[in-house]
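Student: Next comes entry21.cif, mmCIF, C-alpha atoms:
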data_entry
#
loop_
_atom_site.label_atom_id
_atom_site.label_comp_id
_atom_site.auth_asym_id
_atom_site.auth_seq_id
_atom_site.Cartn_x
_atom_site.Cartn_y
_atom_site.Cartn_z
CA ASP A 1 -4.17 19.95 4.86
CA ASN A 2 -2.76 16.50 4.23
CA LEU A 3 -4.85 13.60 5.50
CA LYS A 4 -2.92 12.00 8.36
CA ILE A 5 -3.07 8.29 9.14
CA TYR A 6 -5.08 8.87 12.32
CA GLU A 7 -7.58 11.23 10.75
CA VAL A 8 -11.03 10.10 9.77
CA LEU A 9 -13.95 11.55 7.84
CA SER A 10 -17.40 11.68 9.40
CA ILE A 11 -20.74 12.27 7.65
CA GLU A 12 -20.46 15.89 8.78
CA ASP A 13 -17.04 16.18 7.16
CA LEU A 14 -18.38 14.74 3.92
CA THR A 15 -21.21 17.29 3.74
CA LYS A 16 -19.10 20.37 4.53
CA GLY A 17 -19.10 22.81 1.66
CA GLY A 18 -22.25 21.30 0.15
CA ALA A 19 -20.52 19.00 -2.35
CA ILE A 20 -22.87 16.19 -1.31
CA ASP A 21 -26.02 16.21 0.79
CA SER A 22 -26.57 14.32 4.04
CA GLU A 23 -28.47 11.46 2.39
CA ALA A 24 -25.69 10.87 -0.15
CA ALA A 25 -23.08 11.05 2.63
CA GLN A 26 -24.99 8.45 4.65
CA GLU A 27 -25.18 6.14 1.61
CA LEU A 28 -21.47 6.62 1.00
CA MET A 29 -20.70 5.84 4.63
CA ALA A 30 -22.92 2.74 4.63
CA LYS A 31 -21.17 1.41 1.54
CA HIS A 32 -17.53 2.23 2.36
CA ASP A 33 -17.29 2.13 6.18
CA ILE A 34 -15.77 -1.35 6.26
CA ASN A 35 -15.17 -1.58 10.01
CA GLY A 36 -18.55 -0.07 10.97
CA ASP A 37 -17.21 2.76 13.15
CA HIS A 38 -19.30 5.40 11.29
CA VAL A 39 -16.24 7.23 9.95
CA LEU A 40 -14.00 6.65 6.95
CA ASN A 41 -10.36 6.01 7.81
CA LEU A 42 -7.63 6.50 5.24
CA ASN A 43 -7.77 2.91 3.95
CA GLU A 44 -11.54 3.06 3.54
CA TYR A 45 -11.33 6.42 1.79
CA LEU A 46 -8.61 5.29 -0.59
CA ASN A 47 -10.47 2.06 -1.33
CA MET A 48 -13.55 4.12 -2.12
CA MET A 49 -11.54 6.33 -4.48
CA CYS A 50 -9.61 3.47 -6.12
CA PRO A 51 -11.62 0.24 -5.85
CA ALA A 52 -9.83 -3.04 -6.40
CA GLU A 53 -11.61 -3.72 -9.70
CA SER A 54 -10.22 -0.50 -11.17
CA ARG A 55 -6.60 -1.38 -10.43
CA SER A 56 -5.26 -2.78 -13.64
CA LYS A 57 -1.48 -2.56 -13.35
CA GLY A 58 0.05 -5.98 -13.15
CA GLU A 59 3.70 -6.34 -12.22
CA THR A 60 4.35 -10.02 -11.67
CA GLY A 61 7.92 -9.36 -10.56
CA LEU A 62 6.66 -7.30 -7.62
CA GLU A 63 4.20 -9.99 -6.60
CA GLU A 64 6.85 -12.72 -6.98
CA THR A 65 9.43 -10.95 -4.84
CA LEU A 66 6.89 -10.08 -2.14
CA ALA A 67 5.70 -13.71 -2.14
CA ALA A 68 9.31 -14.90 -1.80
CA LYS A 69 9.84 -12.57 1.16
CA PHE A 70 6.64 -13.80 2.80
CA GLN A 71 7.62 -17.46 2.30
CA CYS A 72 11.09 -16.86 3.74
CA ILE A 73 9.66 -15.16 6.81
CA MET A 74 7.00 -17.85 7.34
CA GLN A 75 9.54 -20.68 7.01
CA GLY A 76 11.79 -18.97 9.53
CA TRP A 77 8.94 -18.49 12.02
CA LYS A 78 7.73 -22.06 11.65
CA SER A 79 11.18 -23.67 11.89
CA GLY A 80 12.66 -21.30 14.44
CA LYS A 81 15.79 -21.18 12.26
CA GLU A 82 17.22 -18.70 9.84
CA VAL A 83 16.07 -19.58 6.32
CA PRO A 84 18.49 -19.14 3.41
CA VAL A 85 17.60 -16.18 1.24
CA PRO A 86 16.54 -17.16 -2.29
CA VAL A 87 18.96 -15.97 -4.94
CA GLU A 88 17.45 -13.30 -7.17
CA ALA A 89 18.44 -12.94 -10.81
CA PRO A 90 20.93 -10.08 -11.14
CA GLY A 91 19.11 -6.78 -11.62
CA LYS A 92 15.64 -8.21 -10.95
CA LEU A 93 14.82 -5.84 -8.08
CA ALA A 94 16.03 -2.84 -10.11
CA ARG A 95 13.85 -3.92 -13.06
CA VAL A 96 10.81 -4.31 -10.80
CA PHE A 97 11.51 -0.86 -9.32
CA ARG A 98 11.65 0.77 -12.77
CA ARG A 99 8.36 -0.88 -13.79
CA VAL A 100 6.56 0.24 -10.64
CA ASP A 101 8.01 3.78 -10.81
CA ASP A 102 5.43 4.79 -13.42
CA ASP A 103 6.58 8.39 -13.83
CA GLY A 104 10.31 7.59 -13.83
CA SER A 105 10.93 9.96 -10.91
CA GLY A 106 13.34 7.61 -9.15
CA GLY A 107 10.91 6.96 -6.29
CA VAL A 108 7.74 4.92 -5.81
CA THR A 109 4.70 6.63 -4.31
CA LEU A 110 1.55 5.13 -2.80
CA ASP A 111 -0.29 6.04 -6.02
CA GLU A 112 2.22 4.00 -8.00
CA LEU A 113 1.96 1.00 -5.68
CA VAL A 114 -1.83 1.03 -5.85
CA GLY A 115 -2.70 -0.86 -8.96
CA HIS A 116 0.16 -3.27 -8.52
CA LEU A 117 -1.01 -4.30 -5.05
CA ASP A 118 -4.27 -4.10 -3.18
CA LEU A 119 -4.76 -0.86 -1.32
CA SER A 120 -4.27 -2.08 2.24
CA THR A 121 -1.05 -3.90 1.31
CA ALA A 122 0.32 -0.87 -0.55
CA PHE A 123 -0.53 1.44 2.34
CA GLY A 124 0.99 -0.93 4.90
CA LEU A 125 4.20 -1.31 2.93
CA MET A 126 4.56 2.46 2.61
CA GLU A 127 4.05 2.81 6.36
CA VAL A 128 6.75 0.27 7.17
CA TYR A 129 9.38 0.90 4.50
CA ASP A 130 9.20 4.67 3.85
CA GLU A 131 11.82 5.25 6.53
CA ASP A 132 12.22 9.00 5.96
CA ASP A 133 8.43 9.56 5.75
CA ASP A 134 8.69 11.55 2.52
CA GLY A 135 5.80 9.68 0.87
CA THR A 136 8.15 7.99 -1.61
CA LEU A 137 10.07 4.73 -1.52
CA SER A 138 13.63 5.35 -2.66
CA PRO A 139 15.34 2.54 -4.57
CA GLU A 140 17.00 1.46 -1.30
CA GLU A 141 13.70 1.49 0.64
CA PHE A 142 12.00 -0.38 -2.21
CA GLN A 143 14.70 -3.05 -2.23
CA ALA A 144 14.48 -3.40 1.56
CA MET A 145 10.75 -3.97 1.10
CA LEU A 146 11.36 -6.82 -1.35
CA ARG A 147 14.44 -8.54 0.02
CA PRO A 148 13.47 -11.57 2.13
CA GLU A 149 16.11 -11.10 4.80
CA VAL A 150 15.09 -7.52 5.63
#
Let me see the file written as structure tokens.
Tutor:
Amino acid sequence: DNLKIYEVLSIEDLTKGGAIDSEAAQELMAKHDINGDHVLNLNEYLNMMCPAESRSKGETGLEETLAAKFQCIMQGWKSGKEVPVPVEAPGKLARVFRRVDDDGSGGVTLDELVGHLDLSTAFGLMEVYDEDDDGTLSPEEFQAMLRPEV
């Protein structure tokens, strides 16, 4: 079964099958249950499996374009006016896409985003921009994610 967004893991779930004992499951829960609800949600689980300090991929183009989108949105909200979209260098978004698409499959998965972005940001972006819910950002979905006016 695939882990759905709304699914959570309890201590009982963690001990099923005997992979870890109850004491280890309780320690795991105490350490990784960020919101204190005594279950691990998907973000907490993924953060446990891929902690921030182990993410070493650095794509400055991705960070720059996301920052530009954020600034454009914030300026628009604060001013109440439409903010002109910054002009991107020709081909910049396509280059960023190719660098993030680690396996060259033509789509960007959550696994590929993690490492370039923190886990909660990567997960949130996939939720919003993966319009066909196939678990992969197509080049068009990826560009929509990065373009300030979208």
Student: Kindly resolve the PyMOL selection byres ((chain A and resi 109) around 12) on the present coordinates and return the residues as a PDB file with C-alpha atoms, in the frame of the given file.
Tutor:
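Contents of out_17.pdb, freshly written:
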ATOM      1  CA  PHE A  97      11.510  -0.860  -9.320  1.00  0.00           C
ATOM      2  CA  VAL A 100       6.560   0.240 -10.640  1.00  0.00           C
ATOM      3  CA  ASP A 101       8.010   3.780 -10.810  1.00  0.00           C
ATOM      4  CA  ASP A 102       5.430   4.790 -13.420  1.00  0.00           C
ATOM      5  CA  ASP A 103       6.580   8.390 -13.830  1.00  0.00           C
ATOM      6  CA  GLY A 104      10.310   7.590 -13.830  1.00  0.00           C
ATOM      7  CA  SER A 105      10.930   9.960 -10.910  1.00  0.00           C
ATOM      8  CA  GLY A 106      13.340   7.610  -9.150  1.00  0.00           C
ATOM      9  CA  GLY A 107      10.910   6.960  -6.290  1.00  0.00           C
ATOM     10  CA  VAL A 108       7.740   4.920  -5.810  1.00  0.00           C
ATOM     11  CA  LEU A 110       1.550   5.130  -2.800  1.00  0.00           C
ATOM     12  CA  ASP A 111      -0.290   6.040  -6.020  1.00  0.00           C
ATOM     13  CA  GLU A 112       2.220   4.000  -8.000  1.00  0.00           C
ATOM     14  CA  LEU A 113       1.960   1.000  -5.680  1.00  0.00           C
ATOM     15  CA  VAL A 114      -1.830   1.030  -5.850  1.00  0.00           C
ATOM     16  CA  GLY A 115      -2.700  -0.860  -8.960  1.00  0.00           C
ATOM     17  CA  HIS A 116       0.160  -3.270  -8.520  1.00  0.00           C
ATOM     18  CA  ALA A 122       0.320  -0.870  -0.550  1.00  0.00           C
ATOM     19  CA  PHE A 123      -0.530   1.440   2.340  1.00  0.00           C
ATOM     20  CA  LEU A 125       4.200  -1.310   2.930  1.00  0.00           C
ATOM     21  CA  MET A 126       4.560   2.460   2.610  1.00  0.00           C
ATOM     22  CA  GLU A 127       4.050   2.810   6.360  1.00  0.00           C
ATOM     23  CA  TYR A 129       9.380   0.900   4.500  1.00  0.00           C
ATOM     24  CA  ASP A 130       9.200   4.670   3.850  1.00  0.00           C
ATOM     25  CA  ASP A 133       8.430   9.560   5.750  1.00  0.00           C
ATOM     26  CA  ASP A 134       8.690  11.550   2.520  1.00  0.00           C
ATOM     27  CA  GLY A 135       5.800   9.680   0.870  1.00  0.00           C
ATOM     28  CA  THR A 136       8.150   7.990  -1.610  1.00  0.00           C
ATOM     29  CA  LEU A 137      10.070   4.730  -1.520  1.00  0.00           C
ATOM     30  CA  SER A 138      13.630   5.350  -2.660  1.00  0.00           C
ATOM     31  CA  PRO A 139      15.340   2.540  -4.570  1.00  0.00           C
ATOM     32  CA  GLU A 141      13.700   1.490   0.640  1.00  0.00           C
ATOM     33  CA  PHE A 142      12.000  -0.380  -2.210  1.00  0.00           C
TER      34      PHE A 142
END
Student: Might you pull out every residue within 9 Å of Lys31 (chain A), with all atoms listed in the file counted and same-chain residues fewer than 4 positions away left off, and present them as a list in words?
Tutor: Gln26, Glu27 and Met48 of chain A
Student: What is the CA of Asn41 (chain A) to CA of Val8 (chain A) distance in Å?
Tutor: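 Between these atoms lies a distance of 4.6 Å.
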Student: Quick one: what's the axis-aligned box for region 61-69 of chain A, all listed atoms, 5 Å on every side, centre and edges in Å to one decimal, as AutoDock Vina command-line options?
Tutor:
--center_x 7.0 --center_y -11.1 --center_z -4.7 --size_x 15.6 --size_y 17.6 --size_z 21.7
Student: Need the shell around Leu9 (chain A): protein/DNA/RNA residues with any atom at most 9 Å away, counting all atoms listed in the file. Skip same-chain ones fewer than 2 positions apart. Format as a ChimeraX atom specification?
Tutor: /A:7,11-14,38-42,45
Student: So that I can check the surroundings of Leu93 (chain A), please list as a PyMOL selection string every protein, DNA and RNA residue that reaches within 9 Å of it, counting all atoms listed in the file and ignoring chain neighbours fewer than 2 positions away.
Tutor: chain A and resi 61-62+65+88-91+95-98+142-143+146-147
Student: Figure out the distance between CA of Asn47 (chain A) and CA of Met145 (chain A), please, to one decimal in Å.
Tutor: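 Going from CA of Met145 (chain A) over to CA of Asn47 (chain A), I get 22.2 Å.
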Student: Counting only C-alpha atoms, which residue out of A:Glu44, A:Glu23, A:Asp132, A:Asp33 sits closest to Leu119 (chain A)?
Tutor: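 Nearest candidate to Leu119 (chain A) out of A:Glu44, A:Glu23, A:Asp132, A:Asp33: A:Glu44.
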Student: For the atom pair CA of Leu117 (chain A) and CA of Ala144 (chain A), what is the interatomic distance in Å to one decimal place?
Tutor: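 These two atoms are separated by 16.9 Å.
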Student: Choose the residue, out of A:Ala94, A:Val128, A:Leu66, A:Met29, that has the smallest atom-to-atom separation from Ser10 (chain A); count all atoms listed in the file.
Tutor: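 Smallest distance to Ser10 (chain A) is found for A:Met29.
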